[in-house]
Amino acid sequence: MPEKARILYIEDDPGSQTLVQRTLSFAGFDVVVASRGIEGLDMAIKNLPDLILMDINLPDLSGREVTTKLRSDDRFRATPIVALTALSQAGEREKAIAAGATGYLTKPIDIDKLPGQVERYLSGARDTVDTELMMQAHTAYNQEIVGRLEAKIRELESNNAELRRLDKIKDDFIQLTAHELRTPLTLVYGYSRLLQDSPVVRQMKEGGPEVEAFIKGLIDSIERMSVVINEILTVSRIATGRIELAIGPANLADTIKHIVDEFAEVTQKRNLLISYNPSQWPTVIHGDTDLLKLAIQNVIGNGIKYTPDGGVLNVIAKTGVTNVLITVQDTGIGINKEDQVRIFDRFYTAGDTQLHSTSKTAFRGGGLGLGLAICRGIIEAHGGRIWVESAGRDEEHLPGSSFYIDLPLQARITSPRRIAPNGSSN
Ligand code: ADP
């Protein structure tokens, strides 16, 4: 038995779909159906049909546009594409042929004749139209496509403007909320300090050790909250191009010593080694000391967070003529390739957030996913670059990650930078 010819029917009306599918299947054809133009293109590539029946009025791309697109693909150059056109609309047949259709059938479809008509096109029949009308149809079709393109671009531009507006509202909201939270938190912090030093509390402390522990817990929690709030404020400033660098002489050798000292308690507790050689680090560069410290601290802090106890962090600086390349290599869980660009986006965290603890230094102690967005903002504002390399994430074999910061010795501030929602900057 010869193989059944495969027909792709592109039609959005369910009634016509059922009718044509039944009729043609009954007549011995293999029929697949698509309801939209784009879906039709995908199904054509997947099924490589022997003939395509194309409704002209589809909800997304028109049947003519689908036909033109198919004709640009070698696999469909010779495939019969039969347009289904309404008789009432003048010039429709010509436009279908102008778009690349082999022939046309008028709607409503005569189901008794349909199998024979399909056979005819499968055997090589082609419909012709009057040349003069065809020329006019070409022009009309081109104008139609340009008109649709223009309307689409206008729609996209207006959607884009709306998205930017919403994004700004979101940025402003985040920034205002963080500000509003910071003000009372500063007061709470001040009062808790006063409480700690007040004679009454001192007396209470003598009465029992728990009072000391309560106050320490209170102050630690407030400090953690203010770190988070400051992170949000910094990142929203960076994101909206409001980061201001206080450029001056910066001593990175001192900076790295301070950072390592500040992590001493945790590295000791978690048996981690931070290996570095202060003499490799430049003593005079031009940059914002505090922000550069924040960036390097974040990257080393991440190395600590994502390396299990007993691991090693190698922090290396290679100073060139115009730049210093800082590398932070850890022996931690590593980062999957697909996450390696996105982790520099705001609010992006890789891995299972359920496993995160809220600590800044515990293993897998995750934050809001702002640390690296801040680093990137700071480094790029100096005219530098930050990126990561890792063989992938593997919590058993610990492939580790290497973060690189390429920093000019003289900060190259070009124009104010704004970080787009996807993290890229311009
Ligand atoms: P967070 O404050 O959540 O740590 P970051 O922006 O600093 O946010 O980091 C984003 C994500 O990148 C983290 O959630 C983590 O999954 C991943 N990441 C960052 N540094 C490392 C590292 N050294 N090793 C493994 N994963 C890391």
# chains A, B, ... in the order shown; residues from 1 in each chain; ligands from 1
call {"tool": "residues_around", "arguments": {"residues": "Arg93 of chain A", "least_positions_apart": "4", "cutoff": "7 Å", "atoms": "only C-alpha atoms", "output": "list of chain:residue names"}}
result
A:Thr85, A:Ile97, A:Tyr104
call {"tool": "residues_near_ligand", "arguments": {"ligand": "ligand 1", "cutoff": "9 Å", "atoms": "only C-alpha atoms and all ligand atoms", "output": "ChimeraX atom specification"}}
result
/A:298-307,328-336,339-340,342-353,356,360,364-375,388,390,393,400-403
call {"tool": "residues_around", "arguments": {"residues": "Ser35 of chain A", "least_positions_apart": "6", "cutoff": "8 Å", "atoms": "only C-alpha atoms", "output": "PyMOL selection string"}}
result
chain A and resi 10-13+58
call {"tool": "write_last_selection", "arguments": {"atoms": "N, CA and C atoms", "output": "PDB file, in the first residue's frame"}}
result
ATOM      1  N   ILE A  10      -3.759  24.479   8.352  1.00  0.00           N
ATOM      2  CA  ILE A  10      -3.581  25.587   9.297  1.00  0.00           C
ATOM      3  C   ILE A  10      -4.867  26.406   9.299  1.00  0.00           C
ATOM      4  N   GLU A  11      -5.578  26.337  10.407  1.00  0.00           N
ATOM      5  CA  GLU A  11      -6.944  26.903  10.484  1.00  0.00           C
ATOM      6  C   GLU A  11      -7.295  27.142  11.944  1.00  0.00           C
ATOM      7  N   ASP A  12      -7.843  28.326  12.251  1.00  0.00           N
ATOM      8  CA  ASP A  12      -8.176  28.584  13.658  1.00  0.00           C
ATOM      9  C   ASP A  12      -9.622  28.230  14.005  1.00  0.00           C
ATOM     10  N   ASP A  13     -10.469  28.010  13.028  1.00  0.00           N
ATOM     11  CA  ASP A  13     -11.870  27.718  13.353  1.00  0.00           C
ATOM     12  C   ASP A  13     -12.049  26.220  13.652  1.00  0.00           C
ATOM     13  N   LEU A  58      -5.679  34.233  10.061  1.00  0.00           N
ATOM     14  CA  LEU A  58      -5.245  33.541  11.282  1.00  0.00           C
ATOM     15  C   LEU A  58      -5.021  34.593  12.367  1.00  0.00           C
TER      16      LEU A  58
END
call {"tool": "select_by_dssp", "arguments": {"residues": "segment 150-392 of chain A", "states": "helix (DSSP H, G or I)", "output": "ChimeraX atom specification"}}
result
/A:150-197,199-207,210-239,252-262,264-269,278-280,289-305,337-339,342-344,353-355,371-381
call {"tool": "write_last_selection", "arguments": {"atoms": "C-alpha atoms", "output": "compact mmCIF listing (two decimals), in the first residue's frame"}}
result
# COMPACT_ATOMS: atom_id res chain seq x y z
CA GLU A 150 4.77 49.39 11.66
CA ALA A 151 1.76 48.67 13.90
CA LYS A 152 3.75 45.94 15.70
CA ILE A 153 6.73 48.23 16.27
CA ARG A 154 4.45 50.94 17.63
CA GLU A 155 2.79 48.40 19.94
CA LEU A 156 6.18 47.09 21.15
CA GLU A 157 7.47 50.60 21.75
CA SER A 158 4.40 51.50 23.74
CA ASN A 159 4.63 48.25 25.75
CA ASN A 160 8.30 48.94 26.34
CA ALA A 161 7.56 52.44 27.62
CA GLU A 162 4.93 50.98 29.94
CA LEU A 163 7.38 48.35 31.23
CA ARG A 164 9.98 51.05 31.89
CA ARG A 165 7.39 53.08 33.75
CA LEU A 166 6.44 50.07 35.90
CA ASP A 167 10.10 49.24 36.45
CA LYS A 168 10.71 52.77 37.69
CA ILE A 169 7.72 52.56 40.03
CA LYS A 170 9.16 49.29 41.38
CA ASP A 171 12.65 50.80 41.80
CA ASP A 172 11.22 53.86 43.54
CA PHE A 173 9.06 51.68 45.75
CA ILE A 174 12.00 49.51 46.79
CA GLN A 175 14.12 52.55 47.49
CA LEU A 176 11.43 54.38 49.46
CA THR A 177 10.59 51.28 51.50
CA ALA A 178 14.23 50.75 52.34
CA HIS A 179 14.53 54.41 53.38
CA GLU A 180 11.40 54.23 55.49
CA LEU A 181 12.70 51.11 57.21
CA ARG A 182 16.15 52.53 57.78
CA THR A 183 14.97 55.55 59.74
CA PRO A 184 13.18 53.69 62.56
CA LEU A 185 15.84 50.97 62.52
CA THR A 186 18.53 53.55 63.23
CA LEU A 187 16.51 54.64 66.25
CA VAL A 188 15.99 51.06 67.41
CA TYR A 189 19.72 50.51 67.07
CA GLY A 190 20.50 53.65 69.06
CA TYR A 191 18.06 52.72 71.82
CA SER A 192 19.38 49.18 72.06
CA ARG A 193 22.90 50.60 72.46
CA LEU A 194 21.65 52.94 75.19
CA LEU A 195 19.89 50.02 76.81
CA GLN A 196 23.10 48.04 76.80
CA ASP A 197 24.96 50.81 78.54
CA PRO A 199 23.00 51.32 84.68
CA VAL A 200 19.68 49.47 85.20
CA VAL A 201 20.56 46.89 82.54
CA ARG A 202 24.09 46.60 83.87
CA GLN A 203 22.63 45.73 87.21
CA MET A 204 20.27 43.23 85.59
CA LYS A 205 23.20 41.63 83.77
CA GLU A 206 24.82 40.97 87.09
CA GLY A 207 21.60 39.24 88.16
CA GLU A 210 20.65 35.73 79.93
CA VAL A 211 20.12 39.53 79.88
CA GLU A 212 23.51 39.93 78.16
CA ALA A 213 22.57 37.22 75.62
CA PHE A 214 19.17 38.84 74.95
CA ILE A 215 20.72 42.22 74.23
CA LYS A 216 23.43 40.71 72.05
CA GLY A 217 20.74 38.85 70.09
CA LEU A 218 18.82 42.09 69.69
CA ILE A 219 21.82 44.06 68.45
CA ASP A 220 23.00 41.27 66.11
CA SER A 221 19.55 41.07 64.52
CA ILE A 222 19.32 44.83 64.07
CA GLU A 223 22.77 44.84 62.49
CA ARG A 224 21.73 42.09 60.08
CA MET A 225 18.61 44.03 59.16
CA SER A 226 20.56 47.19 58.49
CA VAL A 227 23.01 45.28 56.29
CA VAL A 228 20.08 44.05 54.18
CA ILE A 229 18.50 47.51 54.01
CA ASN A 230 21.80 49.11 53.05
CA GLU A 231 22.28 46.46 50.36
CA ILE A 232 18.87 47.32 48.91
CA LEU A 233 19.62 51.03 48.99
CA THR A 234 23.04 50.57 47.37
CA VAL A 235 21.70 48.31 44.64
CA SER A 236 18.80 50.62 43.84
CA ARG A 237 21.17 53.57 43.68
CA ILE A 238 23.41 51.62 41.32
CA ALA A 239 20.45 50.45 39.27
CA LEU A 252 44.15 47.85 48.02
CA ALA A 253 46.87 46.15 50.08
CA ASP A 254 45.34 47.68 53.21
CA THR A 255 41.84 46.90 51.99
CA ILE A 256 42.52 43.20 51.53
CA LYS A 257 44.21 42.98 54.95
CA HIS A 258 41.17 44.57 56.60
CA ILE A 259 38.77 42.28 54.80
CA VAL A 260 40.67 39.13 55.77
CA ASP A 261 40.91 40.37 59.37
CA GLU A 262 37.17 41.00 59.48
CA ALA A 264 39.07 36.00 60.85
CA GLU A 265 36.49 34.95 63.42
CA VAL A 266 34.41 32.99 60.93
CA THR A 267 37.35 31.45 59.07
CA GLN A 268 38.69 30.21 62.37
CA LYS A 269 35.30 28.88 63.45
CA PRO A 278 49.64 41.45 50.57
CA SER A 279 52.77 42.39 48.61
CA GLN A 280 50.97 41.49 45.34
CA THR A 289 37.99 52.89 48.69
CA ASP A 290 34.76 52.08 50.52
CA LEU A 291 32.88 50.79 47.50
CA LEU A 292 35.83 48.75 46.24
CA LYS A 293 36.14 47.23 49.69
CA LEU A 294 32.42 46.39 49.63
CA ALA A 295 32.78 44.68 46.24
CA ILE A 296 35.84 42.59 47.17
CA GLN A 297 34.31 41.78 50.55
CA ASN A 298 31.13 40.52 48.88
CA VAL A 299 33.02 38.21 46.54
CA ILE A 300 35.19 36.81 49.34
CA GLY A 301 32.09 36.57 51.57
CA ASN A 302 30.38 34.50 48.87
CA GLY A 303 33.44 32.24 48.68
CA ILE A 304 33.05 31.70 52.42
CA LYS A 305 29.29 31.10 52.15
CA LYS A 337 27.11 27.43 33.45
CA GLU A 338 23.57 28.78 32.89
CA ASP A 339 23.72 30.68 36.20
CA ARG A 342 22.53 35.63 35.78
CA ILE A 343 24.00 35.62 39.31
CA PHE A 344 25.09 39.21 38.61
CA THR A 353 16.59 28.86 48.37
CA GLN A 354 15.05 26.47 50.92
CA LEU A 355 18.57 25.36 51.81
CA GLY A 371 25.62 41.06 46.59
CA LEU A 372 26.94 40.37 43.10
CA ALA A 373 24.65 42.96 41.48
CA ILE A 374 26.24 45.49 43.82
CA CYS A 375 29.75 44.23 42.98
CA ARG A 376 29.08 44.48 39.29
CA GLY A 377 27.64 47.98 39.63
CA ILE A 378 30.67 49.16 41.61
CA ILE A 379 33.27 47.54 39.37
CA GLU A 380 31.61 48.74 36.16
CA ALA A 381 31.25 52.26 37.59
call {"tool": "closest_residue", "arguments": {"among": "A:Arg75, A:Ala101, A:Gly310, A:Ile111", "to": "Gln21 of chain A", "atoms": "only C-alpha atoms"}}
result
A:Ile111
call {"tool": "select_by_dssp", "arguments": {"residues": "segment 37-261 of chain A", "states": "strand (DSSP E or B)", "output": "MDAnalysis selection string"}}
result
chainID A and resid 51:55 81:86 103:107 248:250
call {"tool": "write_last_selection", "arguments": {"atoms": "C-alpha atoms", "output": "compact mmCIF listing (two decimals), in the first residue's frame"}}
result
# COMPACT_ATOMS: atom_id res chain seq x y z
CA LEU A 51 0.71 19.63 1.05
CA ILE A 52 -0.36 22.54 3.21
CA LEU A 53 -3.91 23.86 3.36
CA MET A 54 -3.69 27.43 4.58
CA ASP A 55 -6.47 29.55 5.97
CA ILE A 81 0.49 25.41 -0.44
CA VAL A 82 -3.21 25.90 -1.08
CA ALA A 83 -4.79 29.06 0.30
CA LEU A 84 -8.36 29.03 1.54
CA THR A 85 -9.80 32.39 0.53
CA ALA A 86 -13.21 33.93 0.96
CA GLY A 103 -3.37 27.66 -5.67
CA TYR A 104 -6.52 28.66 -3.85
CA LEU A 105 -9.79 27.11 -2.82
CA THR A 106 -12.75 29.24 -1.92
CA LYS A 107 -14.54 29.09 1.37
CA GLY A 248 40.67 59.23 45.52
CA PRO A 249 43.85 57.31 46.27
CA ALA A 250 42.93 53.79 47.40
call {"tool": "atom_distance", "arguments": {"atom1": "atom CA of Ala140 of chain A", "atom2": "atom CA of Ala125 of chain A"}}
result
25.6 Å
call {"tool": "closest_residue", "arguments": {"among": "A:Gly384, A:Gly392, A:Gly124, A:Gly37", "to": "Gly63 of chain A", "atoms": "only C-alpha atoms"}}
result
A:Gly37
call {"tool": "closest_residue", "arguments": {"among": "A:Asp60, A:Ala34, A:Ile326, A:Glu65", "to": "Val146 of chain A", "atoms": "only C-alpha atoms"}}
result
A:Glu65
call {"tool": "residues_around", "arguments": {"residues": "Val31 of chain A", "least_positions_apart": "2", "cutoff": "9 Å", "atoms": "only C-alpha atoms", "output": "PyMOL selection string"}}
result
chain A and resi 5-9+20-22+24-25+29+33+49
call {"tool": "write_last_selection", "arguments": {"atoms": "all heavy atoms", "output": "mmCIF file, in the first residue's frame"}}
result
data_model
loop_
_atom_site.group_PDB
_atom_site.id
_atom_site.type_symbol
_atom_site.label_atom_id
_atom_site.label_comp_id
_atom_site.auth_asym_id
_atom_site.auth_seq_id
_atom_site.Cartn_x
_atom_site.Cartn_y
_atom_site.Cartn_z
ATOM 1 N N ALA A 5 -0.427 10.388 1.902
ATOM 2 C CA ALA A 5 0.116 11.754 1.790
ATOM 3 C C ALA A 5 -0.241 12.516 3.064
ATOM 4 O O ALA A 5 -1.343 12.372 3.595
ATOM 5 C CB ALA A 5 -0.495 12.440 0.586
ATOM 6 N N ARG A 6 0.738 13.311 3.549
ATOM 7 C CA ARG A 6 0.480 14.045 4.793
ATOM 8 C C ARG A 6 0.074 15.493 4.484
ATOM 9 O O ARG A 6 0.747 16.190 3.749
ATOM 10 C CB ARG A 6 1.730 14.035 5.664
ATOM 11 C CG ARG A 6 1.526 14.817 6.948
ATOM 12 C CD ARG A 6 2.630 14.606 7.904
ATOM 13 N NE ARG A 6 2.659 13.221 8.364
ATOM 14 C CZ ARG A 6 3.652 12.699 9.053
ATOM 15 N NH1 ARG A 6 4.704 13.428 9.331
ATOM 16 N NH2 ARG A 6 3.620 11.446 9.442
ATOM 17 N N ILE A 7 -1.065 15.879 5.075
ATOM 18 C CA ILE A 7 -1.581 17.233 4.848
ATOM 19 C C ILE A 7 -1.483 18.019 6.156
ATOM 20 O O ILE A 7 -1.908 17.520 7.206
ATOM 21 C CB ILE A 7 -3.085 17.204 4.450
ATOM 22 C CG1 ILE A 7 -3.373 16.158 3.368
ATOM 23 C CG2 ILE A 7 -3.573 18.601 4.049
ATOM 24 C CD1 ILE A 7 -2.779 16.455 2.022
ATOM 25 N N LEU A 8 -0.913 19.216 6.079
ATOM 26 C CA LEU A 8 -0.957 20.114 7.242
ATOM 27 C C LEU A 8 -2.057 21.128 6.982
ATOM 28 O O LEU A 8 -2.047 21.821 5.955
ATOM 29 C CB LEU A 8 0.397 20.820 7.426
ATOM 30 C CG LEU A 8 0.415 21.978 8.426
ATOM 31 C CD1 LEU A 8 0.047 21.521 9.843
ATOM 32 C CD2 LEU A 8 1.796 22.654 8.450
ATOM 33 N N TYR A 9 -3.001 21.212 7.891
ATOM 34 C CA TYR A 9 -4.115 22.142 7.739
ATOM 35 C C TYR A 9 -3.957 23.242 8.797
ATOM 36 O O TYR A 9 -3.984 22.956 9.996
ATOM 37 C CB TYR A 9 -5.434 21.376 7.914
ATOM 38 C CG TYR A 9 -6.690 22.211 7.772
ATOM 39 C CD1 TYR A 9 -6.739 23.309 6.903
ATOM 40 C CD2 TYR A 9 -7.834 21.894 8.489
ATOM 41 C CE1 TYR A 9 -7.896 24.053 6.767
ATOM 42 C CE2 TYR A 9 -9.016 22.630 8.354
ATOM 43 C CZ TYR A 9 -9.025 23.722 7.491
ATOM 44 O OH TYR A 9 -10.172 24.465 7.360
ATOM 45 N N VAL A 20 -12.744 19.299 7.908
ATOM 46 C CA VAL A 20 -11.707 19.001 6.904
ATOM 47 C C VAL A 20 -10.881 17.786 7.339
ATOM 48 O O VAL A 20 -10.565 16.904 6.527
ATOM 49 C CB VAL A 20 -10.809 20.247 6.682
ATOM 50 C CG1 VAL A 20 -9.563 19.897 5.884
ATOM 51 C CG2 VAL A 20 -11.607 21.334 5.980
ATOM 52 N N GLN A 21 -10.557 17.742 8.623
ATOM 53 C CA GLN A 21 -9.745 16.617 9.104
ATOM 54 C C GLN A 21 -10.469 15.290 8.846
ATOM 55 O O GLN A 21 -9.892 14.341 8.328
ATOM 56 C CB GLN A 21 -9.438 16.784 10.587
ATOM 57 C CG GLN A 21 -8.419 15.752 11.071
ATOM 58 C CD GLN A 21 -7.844 16.131 12.411
ATOM 59 O OE1 GLN A 21 -8.530 16.754 13.213
ATOM 60 N NE2 GLN A 21 -6.600 15.761 12.660
ATOM 61 N N ARG A 22 -11.779 15.269 9.186
ATOM 62 C CA ARG A 22 -12.558 14.030 8.987
ATOM 63 C C ARG A 22 -12.621 13.667 7.506
ATOM 64 O O ARG A 22 -12.384 12.527 7.116
ATOM 65 C CB ARG A 22 -13.977 14.213 9.518
ATOM 66 C CG ARG A 22 -14.007 14.126 11.000
ATOM 67 C CD ARG A 22 -15.311 13.546 11.484
ATOM 68 N NE ARG A 22 -15.356 13.683 12.924
ATOM 69 C CZ ARG A 22 -16.350 14.184 13.608
ATOM 70 N NH1 ARG A 22 -17.437 14.575 12.991
ATOM 71 N NH2 ARG A 22 -16.309 14.278 14.900
ATOM 72 N N LEU A 24 -10.750 14.525 4.948
ATOM 73 C CA LEU A 24 -9.493 14.109 4.311
ATOM 74 C C LEU A 24 -8.970 12.794 4.896
ATOM 75 O O LEU A 24 -8.413 11.961 4.172
ATOM 76 C CB LEU A 24 -8.441 15.216 4.422
ATOM 77 C CG LEU A 24 -8.735 16.478 3.598
ATOM 78 C CD1 LEU A 24 -7.614 17.496 3.753
ATOM 79 C CD2 LEU A 24 -8.932 16.156 2.112
ATOM 80 N N SER A 25 -9.157 12.595 6.194
ATOM 81 C CA SER A 25 -8.716 11.320 6.796
ATOM 82 C C SER A 25 -9.504 10.185 6.170
ATOM 83 O O SER A 25 -8.963 9.126 5.836
ATOM 84 C CB SER A 25 -8.949 11.301 8.306
ATOM 85 O OG SER A 25 -8.280 12.360 8.892
ATOM 86 N N PHE A 29 -6.009 10.431 3.624
ATOM 87 C CA PHE A 29 -4.842 11.294 3.889
ATOM 88 C C PHE A 29 -4.505 11.268 5.379
ATOM 89 O O PHE A 29 -5.365 10.996 6.219
ATOM 90 C CB PHE A 29 -5.136 12.744 3.459
ATOM 91 C CG PHE A 29 -5.372 12.898 1.987
ATOM 92 C CD1 PHE A 29 -6.661 13.062 1.476
ATOM 93 C CD2 PHE A 29 -4.305 12.873 1.096
ATOM 94 C CE1 PHE A 29 -6.887 13.207 0.118
ATOM 95 C CE2 PHE A 29 -4.527 13.018 -0.273
ATOM 96 C CZ PHE A 29 -5.815 13.177 -0.758
ATOM 97 N N VAL A 33 -3.156 19.240 12.216
ATOM 98 C CA VAL A 33 -3.807 20.555 12.235
ATOM 99 C C VAL A 33 -3.053 21.527 13.148
ATOM 100 O O VAL A 33 -2.592 21.142 14.219
ATOM 101 C CB VAL A 33 -5.268 20.404 12.744
ATOM 102 C CG1 VAL A 33 -5.952 21.765 12.832
ATOM 103 C CG2 VAL A 33 -6.065 19.481 11.825
ATOM 104 N N PRO A 49 5.101 18.207 5.679
ATOM 105 C CA PRO A 49 3.915 17.688 4.976
ATOM 106 C C PRO A 49 4.098 17.685 3.444
ATOM 107 O O PRO A 49 4.946 18.396 2.918
ATOM 108 C CB PRO A 49 2.822 18.685 5.371
ATOM 109 C CG PRO A 49 3.546 19.927 5.704
ATOM 110 C CD PRO A 49 4.873 19.531 6.268
#
call {"tool": "residues_around", "arguments": {"residues": "Leu114 of chain A", "least_positions_apart": "2", "cutoff": "10 Å", "atoms": "only C-alpha atoms", "output": "PyMOL selection string"}}
result
chain A and resi 20+23-24+27+105+109-112+116-120
call {"tool": "write_last_selection", "arguments": {"atoms": "N, CA, C and O atoms", "output": "PDB file, in the first residue's frame"}}
result
ATOM      1  N   VAL A  20     -12.744  19.299   7.908  1.00  0.00           N
ATOM      2  CA  VAL A  20     -11.707  19.001   6.904  1.00  0.00           C
ATOM      3  C   VAL A  20     -10.881  17.786   7.339  1.00  0.00           C
ATOM      4  O   VAL A  20     -10.565  16.904   6.527  1.00  0.00           O
ATOM      5  N   THR A  23     -12.962  14.663   6.698  1.00  0.00           N
ATOM      6  CA  THR A  23     -13.134  14.407   5.258  1.00  0.00           C
ATOM      7  C   THR A  23     -11.851  13.847   4.647  1.00  0.00           C
ATOM      8  O   THR A  23     -11.865  12.833   3.934  1.00  0.00           O
ATOM      9  N   LEU A  24     -10.750  14.525   4.948  1.00  0.00           N
ATOM     10  CA  LEU A  24      -9.493  14.109   4.311  1.00  0.00           C
ATOM     11  C   LEU A  24      -8.970  12.794   4.896  1.00  0.00           C
ATOM     12  O   LEU A  24      -8.413  11.961   4.172  1.00  0.00           O
ATOM     13  N   ALA A  27     -10.750  10.115   3.297  1.00  0.00           N
ATOM     14  CA  ALA A  27     -10.315   9.905   1.912  1.00  0.00           C
ATOM     15  C   ALA A  27      -8.909   9.291   1.836  1.00  0.00           C
ATOM     16  O   ALA A  27      -8.358   9.136   0.745  1.00  0.00           O
ATOM     17  N   LEU A 105      -8.454  27.700  -2.856  1.00  0.00           N
ATOM     18  CA  LEU A 105      -9.793  27.110  -2.816  1.00  0.00           C
ATOM     19  C   LEU A 105     -10.667  28.132  -2.116  1.00  0.00           C
ATOM     20  O   LEU A 105     -10.204  28.799  -1.192  1.00  0.00           O
ATOM     21  N   ILE A 109     -15.767  25.552   2.173  1.00  0.00           N
ATOM     22  CA  ILE A 109     -15.190  24.423   1.445  1.00  0.00           C
ATOM     23  C   ILE A 109     -16.289  23.435   1.038  1.00  0.00           C
ATOM     24  O   ILE A 109     -17.191  23.136   1.830  1.00  0.00           O
ATOM     25  N   ASP A 110     -16.184  22.984  -0.182  1.00  0.00           N
ATOM     26  CA  ASP A 110     -17.113  21.944  -0.648  1.00  0.00           C
ATOM     27  C   ASP A 110     -16.476  20.596  -0.309  1.00  0.00           C
ATOM     28  O   ASP A 110     -15.532  20.150  -0.968  1.00  0.00           O
ATOM     29  N   ILE A 111     -16.977  19.941   0.726  1.00  0.00           N
ATOM     30  CA  ILE A 111     -16.266  18.754   1.216  1.00  0.00           C
ATOM     31  C   ILE A 111     -16.348  17.565   0.248  1.00  0.00           C
ATOM     32  O   ILE A 111     -15.505  16.670   0.289  1.00  0.00           O
ATOM     33  N   ASP A 112     -17.353  17.582  -0.635  1.00  0.00           N
ATOM     34  CA  ASP A 112     -17.414  16.469  -1.607  1.00  0.00           C
ATOM     35  C   ASP A 112     -16.271  16.581  -2.603  1.00  0.00           C
ATOM     36  O   ASP A 112     -15.721  15.582  -3.046  1.00  0.00           O
ATOM     37  N   GLY A 116     -10.629  15.398  -4.105  1.00  0.00           N
ATOM     38  CA  GLY A 116     -10.183  15.440  -5.501  1.00  0.00           C
ATOM     39  C   GLY A 116      -9.298  16.660  -5.755  1.00  0.00           C
ATOM     40  O   GLY A 116      -8.269  16.579  -6.437  1.00  0.00           O
ATOM     41  N   GLN A 117      -9.685  17.801  -5.151  1.00  0.00           N
ATOM     42  CA  GLN A 117      -8.886  19.029  -5.349  1.00  0.00           C
ATOM     43  C   GLN A 117      -7.494  18.869  -4.745  1.00  0.00           C
ATOM     44  O   GLN A 117      -6.486  19.256  -5.343  1.00  0.00           O
ATOM     45  N   VAL A 118      -7.452  18.259  -3.569  1.00  0.00           N
ATOM     46  CA  VAL A 118      -6.151  18.039  -2.908  1.00  0.00           C
ATOM     47  C   VAL A 118      -5.279  17.131  -3.783  1.00  0.00           C
ATOM     48  O   VAL A 118      -4.088  17.404  -3.992  1.00  0.00           O
ATOM     49  N   GLU A 119      -5.875  16.067  -4.308  1.00  0.00           N
ATOM     50  CA  GLU A 119      -5.146  15.147  -5.200  1.00  0.00           C
ATOM     51  C   GLU A 119      -4.548  15.910  -6.383  1.00  0.00           C
ATOM     52  O   GLU A 119      -3.412  15.690  -6.776  1.00  0.00           O
ATOM     53  N   ARG A 120      -5.368  16.824  -6.931  1.00  0.00           N
ATOM     54  CA  ARG A 120      -4.952  17.594  -8.104  1.00  0.00           C
ATOM     55  C   ARG A 120      -3.677  18.403  -7.793  1.00  0.00           C
ATOM     56  O   ARG A 120      -2.713  18.371  -8.551  1.00  0.00           O
TER      57      ARG A 120
END
